[in-house]
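As provided, start30.pdb (PDB, N, CA and C atoms, pLDDT in the B column) reads as follows.
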ATOM      1  N   MET Q1061     -24.070 -26.706  28.873  1.00 72.00           N
ATOM      2  CA  MET Q1061     -24.604 -26.723  30.201  1.00 72.00           C
ATOM      3  C   MET Q1061     -25.162 -25.337  30.511  1.00 72.00           C
ATOM      4  N   LEU Q1062     -26.362 -25.282  31.040  1.00 77.00           N
ATOM      5  CA  LEU Q1062     -27.015 -24.039  31.403  1.00 77.00           C
ATOM      6  C   LEU Q1062     -26.804 -23.776  32.887  1.00 77.00           C
ATOM      7  N   ILE Q1063     -26.317 -22.581  33.184  1.00 79.00           N
ATOM      8  CA  ILE Q1063     -26.104 -22.184  34.568  1.00 79.00           C
ATOM      9  C   ILE Q1063     -26.941 -20.942  34.822  1.00 79.00           C
ATOM     10  N   ARG Q1064     -27.779 -20.997  35.825  1.00 82.00           N
ATOM     11  CA  ARG Q1064     -28.592 -19.845  36.182  1.00 82.00           C
ATOM     12  C   ARG Q1064     -28.045 -19.219  37.450  1.00 82.00           C
ATOM     13  N   THR Q1065     -28.007 -17.910  37.448  1.00 78.00           N
ATOM     14  CA  THR Q1065     -27.555 -17.170  38.610  1.00 78.00           C
ATOM     15  C   THR Q1065     -28.528 -16.035  38.859  1.00 78.00           C
ATOM     16  N   PHE Q1066     -28.935 -15.873  40.087  1.00 81.00           N
ATOM     17  CA  PHE Q1066     -29.820 -14.778  40.443  1.00 81.00           C
ATOM     18  C   PHE Q1066     -28.980 -13.674  41.055  1.00 81.00           C
ATOM     19  N   ILE Q1067     -29.159 -12.480  40.543  1.00 74.00           N
ATOM     20  CA  ILE Q1067     -28.356 -11.350  40.978  1.00 74.00           C
ATOM     21  C   ILE Q1067     -29.249 -10.356  41.705  1.00 74.00           C
ATOM     22  N   ASN Q1068     -28.824  -9.955  42.879  1.00 81.00           N
ATOM     23  CA  ASN Q1068     -29.510  -8.901  43.615  1.00 81.00           C
ATOM     24  C   ASN Q1068     -28.845  -7.586  43.210  1.00 81.00           C
ATOM     25  N   PHE Q1069     -29.538  -6.783  42.418  1.00 84.00           N
ATOM     26  CA  PHE Q1069     -28.959  -5.548  41.893  1.00 84.00           C
ATOM     27  C   PHE Q1069     -28.865  -4.450  42.939  1.00 84.00           C
ATOM     28  N   ASP Q1070     -29.456  -4.680  44.103  1.00 91.00           N
ATOM     29  CA  ASP Q1070     -29.375  -3.691  45.175  1.00 91.00           C
ATOM     30  C   ASP Q1070     -28.064  -3.791  45.942  1.00 91.00           C
ATOM     31  N   GLU Q1071     -27.359  -4.915  45.784  1.00 90.00           N
ATOM     32  CA  GLU Q1071     -26.088  -5.116  46.478  1.00 90.00           C
ATOM     33  C   GLU Q1071     -24.932  -4.900  45.510  1.00 90.00           C
ATOM     34  N   PRO Q1072     -23.850  -4.258  45.959  1.00 91.00           N
ATOM     35  CA  PRO Q1072     -22.687  -4.086  45.078  1.00 91.00           C
ATOM     36  C   PRO Q1072     -22.019  -5.442  44.810  1.00 91.00           C
ATOM     37  N   LEU Q1073     -21.315  -5.523  43.693  1.00 88.00           N
ATOM     38  CA  LEU Q1073     -20.602  -6.750  43.358  1.00 88.00           C
ATOM     39  C   LEU Q1073     -19.470  -6.984  44.347  1.00 88.00           C
ATOM     40  N   THR Q1074     -19.213  -8.250  44.628  1.00 91.00           N
ATOM     41  CA  THR Q1074     -18.076  -8.597  45.478  1.00 91.00           C
ATOM     42  C   THR Q1074     -16.808  -8.525  44.631  1.00 91.00           C
ATOM     43  N   GLU Q1075     -15.664  -8.515  45.286  1.00 95.00           N
ATOM     44  CA  GLU Q1075     -14.395  -8.510  44.546  1.00 95.00           C
ATOM     45  C   GLU Q1075     -14.278  -9.770  43.689  1.00 95.00           C
ATOM     46  N   GLU Q1076     -14.747 -10.889  44.217  1.00 94.00           N
ATOM     47  CA  GLU Q1076     -14.714 -12.144  43.461  1.00 94.00           C
ATOM     48  C   GLU Q1076     -15.566 -12.038  42.190  1.00 94.00           C
ATOM     49  N   GLU Q1077     -16.736 -11.442  42.283  1.00 88.00           N
ATOM     50  CA  GLU Q1077     -17.599 -11.268  41.108  1.00 88.00           C
ATOM     51  C   GLU Q1077     -16.970 -10.322  40.102  1.00 88.00           C
ATOM     52  N   LYS Q1078     -16.361  -9.240  40.590  1.00 92.00           N
ATOM     53  CA  LYS Q1078     -15.678  -8.298  39.699  1.00 92.00           C
ATOM     54  C   LYS Q1078     -14.532  -8.976  38.954  1.00 92.00           C
ATOM     55  N   GLU Q1079     -13.774  -9.810  39.656  1.00 94.00           N
ATOM     56  CA  GLU Q1079     -12.659 -10.529  39.032  1.00 94.00           C
ATOM     57  C   GLU Q1079     -13.175 -11.515  37.981  1.00 94.00           C
ATOM     58  N   GLU Q1080     -14.276 -12.184  38.282  1.00 91.00           N
ATOM     59  CA  GLU Q1080     -14.871 -13.123  37.329  1.00 91.00           C
ATOM     60  C   GLU Q1080     -15.292 -12.398  36.057  1.00 91.00           C
ATOM     61  N   ILE Q1081     -15.881 -11.223  36.195  1.00 90.00           N
ATOM     62  CA  ILE Q1081     -16.284 -10.438  35.030  1.00 90.00           C
ATOM     63  C   ILE Q1081     -15.059 -10.003  34.231  1.00 90.00           C
ATOM     64  N   ARG Q1082     -14.018  -9.550  34.937  1.00 93.00           N
ATOM     65  CA  ARG Q1082     -12.783  -9.148  34.241  1.00 93.00           C
ATOM     66  C   ARG Q1082     -12.186 -10.314  33.467  1.00 93.00           C
ATOM     67  N   ALA Q1083     -12.204 -11.502  34.055  1.00 92.00           N
ATOM     68  CA  ALA Q1083     -11.636 -12.690  33.400  1.00 92.00           C
ATOM     69  C   ALA Q1083     -12.442 -13.076  32.160  1.00 92.00           C
ATOM     70  N   LEU Q1084     -13.750 -12.871  32.197  1.00 90.00           N
ATOM     71  CA  LEU Q1084     -14.605 -13.243  31.062  1.00 90.00           C
ATOM     72  C   LEU Q1084     -14.592 -12.211  29.944  1.00 90.00           C
ATOM     73  N   LYS Q1085     -14.210 -11.002  30.263  1.00 87.00           N
ATOM     74  CA  LYS Q1085     -14.297  -9.894  29.313  1.00 87.00           C
ATOM     75  C   LYS Q1085     -13.575 -10.157  27.995  1.00 87.00           C
ATOM     76  N   ASN Q1086     -12.435 -10.774  28.037  1.00 86.00           N
ATOM     77  CA  ASN Q1086     -11.639 -10.968  26.820  1.00 86.00           C
ATOM     78  C   ASN Q1086     -11.735 -12.379  26.239  1.00 86.00           C
ATOM     79  N   ARG Q1087     -12.594 -13.213  26.825  1.00 90.00           N
ATOM     80  CA  ARG Q1087     -12.767 -14.567  26.282  1.00 90.00           C
ATOM     81  C   ARG Q1087     -13.603 -14.512  25.017  1.00 90.00           C
ATOM     82  N   PRO Q1088     -13.259 -15.317  24.029  1.00 90.00           N
ATOM     83  CA  PRO Q1088     -14.063 -15.319  22.801  1.00 90.00           C
ATOM     84  C   PRO Q1088     -15.413 -15.987  23.037  1.00 90.00           C
ATOM     85  N   ILE Q1089     -16.383 -15.622  22.222  1.00 87.00           N
ATOM     86  CA  ILE Q1089     -17.688 -16.276  22.261  1.00 87.00           C
ATOM     87  C   ILE Q1089     -17.557 -17.595  21.516  1.00 87.00           C
ATOM     88  N   VAL Q1090     -18.002 -18.665  22.134  1.00 89.00           N
ATOM     89  CA  VAL Q1090     -17.933 -19.990  21.523  1.00 89.00           C
ATOM     90  C   VAL Q1090     -19.360 -20.436  21.192  1.00 89.00           C
ATOM     91  N   PHE Q1091     -19.626 -20.607  19.908  1.00 90.00           N
ATOM     92  CA  PHE Q1091     -20.948 -21.035  19.472  1.00 90.00           C
ATOM     93  C   PHE Q1091     -20.986 -22.557  19.367  1.00 90.00           C
ATOM     94  N   ASP Q1092     -22.177 -23.129  19.608  1.00 89.00           N
ATOM     95  CA  ASP Q1092     -22.380 -24.559  19.418  1.00 89.00           C
ATOM     96  C   ASP Q1092     -23.813 -24.779  18.955  1.00 89.00           C
ATOM     97  N   GLU Q1093     -24.273 -26.040  18.928  1.00 87.00           N
ATOM     98  CA  GLU Q1093     -25.615 -26.322  18.410  1.00 87.00           C
ATOM     99  C   GLU Q1093     -26.714 -25.743  19.296  1.00 87.00           C
ATOM    100  N   ASP Q1094     -26.421 -25.451  20.540  1.00 84.00           N
ATOM    101  CA  ASP Q1094     -27.406 -24.837  21.433  1.00 84.00           C
ATOM    102  C   ASP Q1094     -27.361 -23.317  21.409  1.00 84.00           C
ATOM    103  N   CYS Q1095     -26.299 -22.775  20.887  1.00 82.00           N
ATOM    104  CA  CYS Q1095     -26.127 -21.317  20.849  1.00 82.00           C
ATOM    105  C   CYS Q1095     -25.420 -20.971  19.542  1.00 82.00           C
ATOM    106  N   MET Q1096     -26.203 -20.886  18.473  1.00 87.00           N
ATOM    107  CA  MET Q1096     -25.636 -20.637  17.146  1.00 87.00           C
ATOM    108  C   MET Q1096     -25.589 -19.132  16.859  1.00 87.00           C
ATOM    109  N   PRO Q1097     -24.636 -18.717  16.044  1.00 91.00           N
ATOM    110  CA  PRO Q1097     -24.596 -17.298  15.673  1.00 91.00           C
ATOM    111  C   PRO Q1097     -25.806 -16.964  14.801  1.00 91.00           C
ATOM    112  N   ILE Q1098     -26.255 -15.718  14.868  1.00 88.00           N
ATOM    113  CA  ILE Q1098     -27.354 -15.289  14.008  1.00 88.00           C
ATOM    114  C   ILE Q1098     -26.903 -14.103  13.173  1.00 88.00           C
ATOM    115  N   SER Q1099     -27.566 -13.910  12.049  1.00 93.00           N
ATOM    116  CA  SER Q1099     -27.221 -12.809  11.144  1.00 93.00           C
ATOM    117  C   SER Q1099     -27.780 -11.496  11.693  1.00 93.00           C
ATOM    118  N   ASP Q1100     -27.323 -10.401  11.125  1.00 94.00           N
ATOM    119  CA  ASP Q1100     -27.840  -9.093  11.523  1.00 94.00           C
ATOM    120  C   ASP Q1100     -29.338  -8.996  11.249  1.00 94.00           C
ATOM    121  N   GLU Q1101     -29.790  -9.590  10.152  1.00 94.00           N
ATOM    122  CA  GLU Q1101     -31.212  -9.571   9.809  1.00 94.00           C
ATOM    123  C   GLU Q1101     -32.028 -10.338  10.844  1.00 94.00           C
ATOM    124  N   GLN Q1102     -31.516 -11.507  11.278  1.00 91.00           N
ATOM    125  CA  GLN Q1102     -32.204 -12.277  12.310  1.00 91.00           C
ATOM    126  C   GLN Q1102     -32.254 -11.491  13.617  1.00 91.00           C
ATOM    127  N   TRP Q1103     -31.148 -10.854  13.981  1.00 91.00           N
ATOM    128  CA  TRP Q1103     -31.117 -10.079  15.214  1.00 91.00           C
ATOM    129  C   TRP Q1103     -32.147  -8.953  15.154  1.00 91.00           C
ATOM    130  N   ASP Q1104     -32.219  -8.250  14.012  1.00 94.00           N
ATOM    131  CA  ASP Q1104     -33.197  -7.170  13.870  1.00 94.00           C
ATOM    132  C   ASP Q1104     -34.619  -7.696  14.037  1.00 94.00           C
ATOM    133  N   TYR Q1105     -34.903  -8.853  13.449  1.00 93.00           N
ATOM    134  CA  TYR Q1105     -36.235  -9.452  13.553  1.00 93.00           C
ATOM    135  C   TYR Q1105     -36.536  -9.833  15.008  1.00 93.00           C
ATOM    136  N   TYR Q1106     -35.600 -10.485  15.678  1.00 91.00           N
ATOM    137  CA  TYR Q1106     -35.796 -10.878  17.069  1.00 91.00           C
ATOM    138  C   TYR Q1106     -35.946  -9.658  17.975  1.00 91.00           C
ATOM    139  N   GLU Q1107     -35.196  -8.609  17.689  1.00 94.00           N
ATOM    140  CA  GLU Q1107     -35.295  -7.386  18.476  1.00 94.00           C
ATOM    141  C   GLU Q1107     -36.692  -6.780  18.326  1.00 94.00           C
ATOM    142  N   LYS Q1108     -37.216  -6.816  17.101  1.00 95.00           N
ATOM    143  CA  LYS Q1108     -38.578  -6.328  16.855  1.00 95.00           C
ATOM    144  C   LYS Q1108     -39.593  -7.151  17.657  1.00 95.00           C
ATOM    145  N   LEU Q1109     -39.433  -8.473  17.659  1.00 94.00           N
ATOM    146  CA  LEU Q1109     -40.341  -9.334  18.416  1.00 94.00           C
ATOM    147  C   LEU Q1109     -40.229  -9.076  19.919  1.00 94.00           C
ATOM    148  N   MET Q1110     -39.008  -8.857  20.409  1.00 94.00           N
ATOM    149  CA  MET Q1110     -38.829  -8.594  21.833  1.00 94.00           C
ATOM    150  C   MET Q1110     -39.566  -7.323  22.245  1.00 94.00           C
ATOM    151  N   LYS Q1111     -39.524  -6.305  21.391  1.00 95.00           N
ATOM    152  CA  LYS Q1111     -40.251  -5.070  21.683  1.00 95.00           C
ATOM    153  C   LYS Q1111     -41.753  -5.300  21.596  1.00 95.00           C
ATOM    154  N   LYS Q1112     -42.196  -6.011  20.562  1.00 95.00           N
ATOM    155  CA  LYS Q1112     -43.621  -6.265  20.353  1.00 95.00           C
ATOM    156  C   LYS Q1112     -44.224  -7.032  21.528  1.00 95.00           C
ATOM    157  N   TYR Q1113     -43.519  -8.062  21.993  1.00 94.00           N
ATOM    158  CA  TYR Q1113     -44.035  -8.916  23.066  1.00 94.00           C
ATOM    159  C   TYR Q1113     -43.512  -8.508  24.449  1.00 94.00           C
ATOM    160  N   LYS Q1114     -42.754  -7.414  24.502  1.00 94.00           N
ATOM    161  CA  LYS Q1114     -42.204  -6.894  25.767  1.00 94.00           C
ATOM    162  C   LYS Q1114     -41.518  -7.999  26.563  1.00 94.00           C
ATOM    163  N   THR Q1115     -40.553  -8.634  25.926  1.00 92.00           N
ATOM    164  CA  THR Q1115     -39.829  -9.731  26.545  1.00 92.00           C
ATOM    165  C   THR Q1115     -38.372  -9.673  26.127  1.00 92.00           C
ATOM    166  N   ARG Q1116     -37.533 -10.423  26.822  1.00 90.00           N
ATOM    167  CA  ARG Q1116     -36.123 -10.548  26.441  1.00 90.00           C
ATOM    168  C   ARG Q1116     -35.836 -11.937  25.895  1.00 90.00           C
ATOM    169  N   ARG Q1117     -36.897 -12.774  25.816  1.00 89.00           N
ATOM    170  CA  ARG Q1117     -36.735 -14.134  25.309  1.00 89.00           C
ATOM    171  C   ARG Q1117     -37.697 -14.384  24.164  1.00 89.00           C
ATOM    172  N   ILE Q1118     -37.184 -14.943  23.100  1.00 89.00           N
ATOM    173  CA  ILE Q1118     -38.032 -15.355  21.988  1.00 89.00           C
ATOM    174  C   ILE Q1118     -38.348 -16.830  22.202  1.00 89.00           C
ATOM    175  N   THR Q1119     -39.593 -17.102  22.534  1.00 90.00           N
ATOM    176  CA  THR Q1119     -39.998 -18.467  22.839  1.00 90.00           C
ATOM    177  C   THR Q1119     -40.628 -19.141  21.621  1.00 90.00           C
ATOM    178  N   LYS Q1120     -40.781 -20.449  21.733  1.00 89.00           N
ATOM    179  CA  LYS Q1120     -41.452 -21.217  20.699  1.00 89.00           C
ATOM    180  C   LYS Q1120     -42.861 -20.673  20.475  1.00 89.00           C
ATOM    181  N   GLU Q1121     -43.546 -20.306  21.538  1.00 91.00           N
ATOM    182  CA  GLU Q1121     -44.907 -19.788  21.448  1.00 91.00           C
ATOM    183  C   GLU Q1121     -44.965 -18.489  20.651  1.00 91.00           C
ATOM    184  N   ILE Q1122     -43.974 -17.632  20.809  1.00 92.00           N
ATOM    185  CA  ILE Q1122     -43.924 -16.390  20.033  1.00 92.00           C
ATOM    186  C   ILE Q1122     -43.727 -16.708  18.563  1.00 92.00           C
ATOM    187  N   LEU Q1123     -42.821 -17.624  18.256  1.00 91.00           N
ATOM    188  CA  LEU Q1123     -42.572 -17.975  16.855  1.00 91.00           C
ATOM    189  C   LEU Q1123     -43.794 -18.643  16.231  1.00 91.00           C
ATOM    190  N   ILE Q1124     -44.554 -19.414  17.007  1.00 92.00           N
ATOM    191  CA  ILE Q1124     -45.799 -20.004  16.505  1.00 92.00           C
ATOM    192  C   ILE Q1124     -46.805 -18.890  16.226  1.00 92.00           C
ATOM    193  N   ALA Q1125     -46.948 -17.950  17.161  1.00 92.00           N
ATOM    194  CA  ALA Q1125     -47.881 -16.835  16.987  1.00 92.00           C
ATOM    195  C   ALA Q1125     -47.535 -15.999  15.764  1.00 92.00           C
ATOM    196  N   GLU Q1126     -46.263 -15.896  15.454  1.00 92.00           N
ATOM    197  CA  GLU Q1126     -45.813 -15.118  14.301  1.00 92.00           C
ATOM    198  C   GLU Q1126     -45.850 -15.925  13.005  1.00 92.00           C
ATOM    199  N   GLY Q1127     -46.203 -17.193  13.108  1.00 90.00           N
ATOM    200  CA  GLY Q1127     -46.283 -18.034  11.912  1.00 90.00           C
ATOM    201  C   GLY Q1127     -44.934 -18.486  11.380  1.00 90.00           C
ATOM    202  N   LYS Q1128     -43.900 -18.398  12.213  1.00 87.00           N
ATOM    203  CA  LYS Q1128     -42.553 -18.794  11.774  1.00 87.00           C
ATOM    204  C   LYS Q1128     -42.331 -20.301  11.921  1.00 87.00           C
ATOM    205  N   ILE Q1129     -43.016 -20.898  12.875  1.00 85.00           N
ATOM    206  CA  ILE Q1129     -42.945 -22.352  13.020  1.00 85.00           C
ATOM    207  C   ILE Q1129     -44.364 -22.869  13.253  1.00 85.00           C
ATOM    208  N   LYS Q1130     -44.551 -24.153  12.994  1.00 84.00           N
ATOM    209  CA  LYS Q1130     -45.869 -24.759  13.192  1.00 84.00           C
ATOM    210  C   LYS Q1130     -45.922 -25.451  14.541  1.00 84.00           C
ATOM    211  N   ALA Q1131     -47.103 -25.366  15.166  1.00 79.00           N
ATOM    212  CA  ALA Q1131     -47.306 -26.043  16.440  1.00 79.00           C
ATOM    213  C   ALA Q1131     -47.462 -27.526  16.181  1.00 79.00           C
ATOM    214  N   ASN Q1132     -46.919 -28.340  17.059  1.00 77.00           N
ATOM    215  CA  ASN Q1132     -47.114 -29.781  16.982  1.00 77.00           C
ATOM    216  C   ASN Q1132     -48.527 -30.095  17.470  1.00 77.00           C
ATOM    217  N   VAL Q1133     -49.282 -30.759  16.615  1.00 62.00           N
ATOM    218  CA  VAL Q1133     -50.653 -31.104  16.989  1.00 62.00           C
ATOM    219  C   VAL Q1133     -50.753 -32.619  17.049  1.00 62.00           C
ATOM    220  N   ALA Q1134     -51.107 -33.140  18.220  1.00 56.00           N
ATOM    221  CA  ALA Q1134     -51.237 -34.579  18.378  1.00 56.00           C
ATOM    222  C   ALA Q1134     -52.513 -35.040  17.653  1.00 56.00           C
ATOM    223  N   SER Q1135     -52.437 -36.134  16.907  1.00 47.00           N
ATOM    224  CA  SER Q1135     -53.612 -36.615  16.183  1.00 47.00           C
ATOM    225  C   SER Q1135     -54.236 -37.799  16.848  1.00 47.00           C
TER     226      SER Q1135
END

Would you write the structure of this file as structure tokens?
Amino acid sequence: MLIRTFINFDEPLTEEEKEEIRALKNRPIVFDEDCMPISDEQWDYYEKLMKKYKTRRITKEILIAEGKIKANVAS
């Protein structure tokens, strides 16, 4: 399940938010089919792409532009 939260960085965290962060700090990372672990080599490659495209997300369009995946073309 994807949960989006918008954070106003101009406001200090509430005590409830601080407690939530403290509670999450020691929880293990749980990988699944939507969030798989990646190797150090993959991370280095993605980091390079993030710098090249000035983004924090590697999208399908970026991978197509880099020739890593093929675009679906309707016939």

Atomic separation - atom C of Gln1102 in chain Q relative to CA of Leu1084 in chain Q, Å: 24.9 Å

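Between CA of Phe1091 in chain Q and atom N of Met1061 in chain Q the separation is 11.4 Å.
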
Distance in Å - atom C of Arg1087 in chain Q versus atom C of Leu1062 in chain Q: 17.9 Å

Those in chain Q with alpha helix (DSSP H) from DSSP, as a PyMOL selection string: chain Q and resi 1075-1085+1100-1112+1120-1125

Exercise: range 1120-1128 of chain Q partners within 10 Å, only C-alpha atoms, chain neighbours under 2 positions left out, as a list of chain:residue names: Q:Tyr1106, Q:Leu1109, Q:Met1110, Q:Tyr1113, Q:Arg1117, Q:Ile1118, Q:Lys1130, Q:Ala1131, Q:Asn1132

Saved range 1087-1118 of chain Q from the preceding structure, N, CA and C atoms, as a compact mmCIF listing (two decimals), in the first residue's frame:
# COMPACT_ATOMS: atom_id res chain seq x y z
N ARG Q 1087 12.78 -0.36 13.21
CA ARG Q 1087 12.05 -1.41 12.49
C ARG Q 1087 12.87 -1.88 11.30
N PRO Q 1088 12.85 -3.17 11.03
CA PRO Q 1088 13.61 -3.66 9.87
C PRO Q 1088 12.93 -3.25 8.57
N ILE Q 1089 13.71 -3.18 7.51
CA ILE Q 1089 13.16 -2.92 6.18
C ILE Q 1089 12.59 -4.22 5.66
N VAL Q 1090 11.36 -4.18 5.19
CA VAL Q 1090 10.70 -5.37 4.66
C VAL Q 1090 10.55 -5.20 3.15
N PHE Q 1091 11.20 -6.07 2.40
CA PHE Q 1091 11.13 -6.01 0.95
C PHE Q 1091 10.00 -6.90 0.46
N ASP Q 1092 9.39 -6.51 -0.68
CA ASP Q 1092 8.38 -7.34 -1.32
C ASP Q 1092 8.49 -7.13 -2.83
N GLU Q 1093 7.51 -7.64 -3.59
CA GLU Q 1093 7.60 -7.54 -5.05
C GLU Q 1093 7.50 -6.11 -5.55
N ASP Q 1094 6.96 -5.21 -4.76
CA ASP Q 1094 6.89 -3.80 -5.14
C ASP Q 1094 8.09 -3.00 -4.69
N CYS Q 1095 8.85 -3.54 -3.78
CA CYS Q 1095 10.02 -2.84 -3.24
C CYS Q 1095 11.11 -3.89 -2.99
N MET Q 1096 11.83 -4.23 -4.05
CA MET Q 1096 12.85 -5.27 -3.95
C MET Q 1096 14.21 -4.66 -3.60
N PRO Q 1097 15.05 -5.44 -2.93
CA PRO Q 1097 16.39 -4.93 -2.64
C PRO Q 1097 17.18 -4.80 -3.94
N ILE Q 1098 18.12 -3.86 -3.97
CA ILE Q 1098 18.98 -3.72 -5.14
C ILE Q 1098 20.43 -3.86 -4.71
N SER Q 1099 21.27 -4.23 -5.65
CA SER Q 1099 22.70 -4.41 -5.37
C SER Q 1099 23.39 -3.05 -5.30
N ASP Q 1100 24.60 -3.05 -4.80
CA ASP Q 1100 25.38 -1.81 -4.75
C ASP Q 1100 25.62 -1.27 -6.16
N GLU Q 1101 25.83 -2.15 -7.12
CA GLU Q 1101 26.04 -1.74 -8.50
C GLU Q 1101 24.80 -1.07 -9.07
N GLN Q 1102 23.61 -1.64 -8.78
CA GLN Q 1102 22.37 -1.03 -9.23
C GLN Q 1102 22.18 0.34 -8.59
N TRP Q 1103 22.46 0.44 -7.29
CA TRP Q 1103 22.30 1.71 -6.61
C TRP Q 1103 23.22 2.76 -7.23
N ASP Q 1104 24.48 2.39 -7.51
CA ASP Q 1104 25.41 3.33 -8.14
C ASP Q 1104 24.88 3.80 -9.49
N TYR Q 1105 24.33 2.88 -10.27
CA TYR Q 1105 23.79 3.23 -11.59
C TYR Q 1105 22.59 4.17 -11.44
N TYR Q 1106 21.67 3.85 -10.54
CA TYR Q 1106 20.50 4.70 -10.32
C TYR Q 1106 20.90 6.07 -9.79
N GLU Q 1107 21.90 6.11 -8.93
CA GLU Q 1107 22.38 7.38 -8.40
C GLU Q 1107 22.94 8.25 -9.53
N LYS Q 1108 23.66 7.61 -10.45
CA LYS Q 1108 24.19 8.33 -11.61
C LYS Q 1108 23.04 8.90 -12.45
N LEU Q 1109 22.00 8.09 -12.68
CA LEU Q 1109 20.85 8.56 -13.45
C LEU Q 1109 20.12 9.70 -12.74
N MET Q 1110 20.00 9.61 -11.41
CA MET Q 1110 19.33 10.67 -10.66
C MET Q 1110 20.07 11.99 -10.82
N LYS Q 1111 21.40 11.94 -10.81
CA LYS Q 1111 22.18 13.16 -11.01
C LYS Q 1111 22.04 13.65 -12.44
N LYS Q 1112 22.12 12.74 -13.41
CA LYS Q 1112 22.04 13.10 -14.82
C LYS Q 1112 20.71 13.77 -15.14
N TYR Q 1113 19.62 13.21 -14.63
CA TYR Q 1113 18.28 13.72 -14.94
C TYR Q 1113 17.75 14.67 -13.86
N LYS Q 1114 18.58 14.97 -12.87
CA LYS Q 1114 18.21 15.89 -11.77
C LYS Q 1114 16.85 15.52 -11.18
N THR Q 1115 16.76 14.28 -10.73
CA THR Q 1115 15.51 13.78 -10.17
C THR Q 1115 15.83 12.86 -9.00
N ARG Q 1116 14.81 12.54 -8.21
CA ARG Q 1116 14.96 11.57 -7.13
C ARG Q 1116 14.21 10.29 -7.46
N ARG Q 1117 13.59 10.25 -8.66
CA ARG Q 1117 12.84 9.07 -9.08
C ARG Q 1117 13.34 8.57 -10.42
N ILE Q 1118 13.57 7.29 -10.50
CA ILE Q 1118 13.92 6.67 -11.77
C ILE Q 1118 12.63 6.15 -12.39
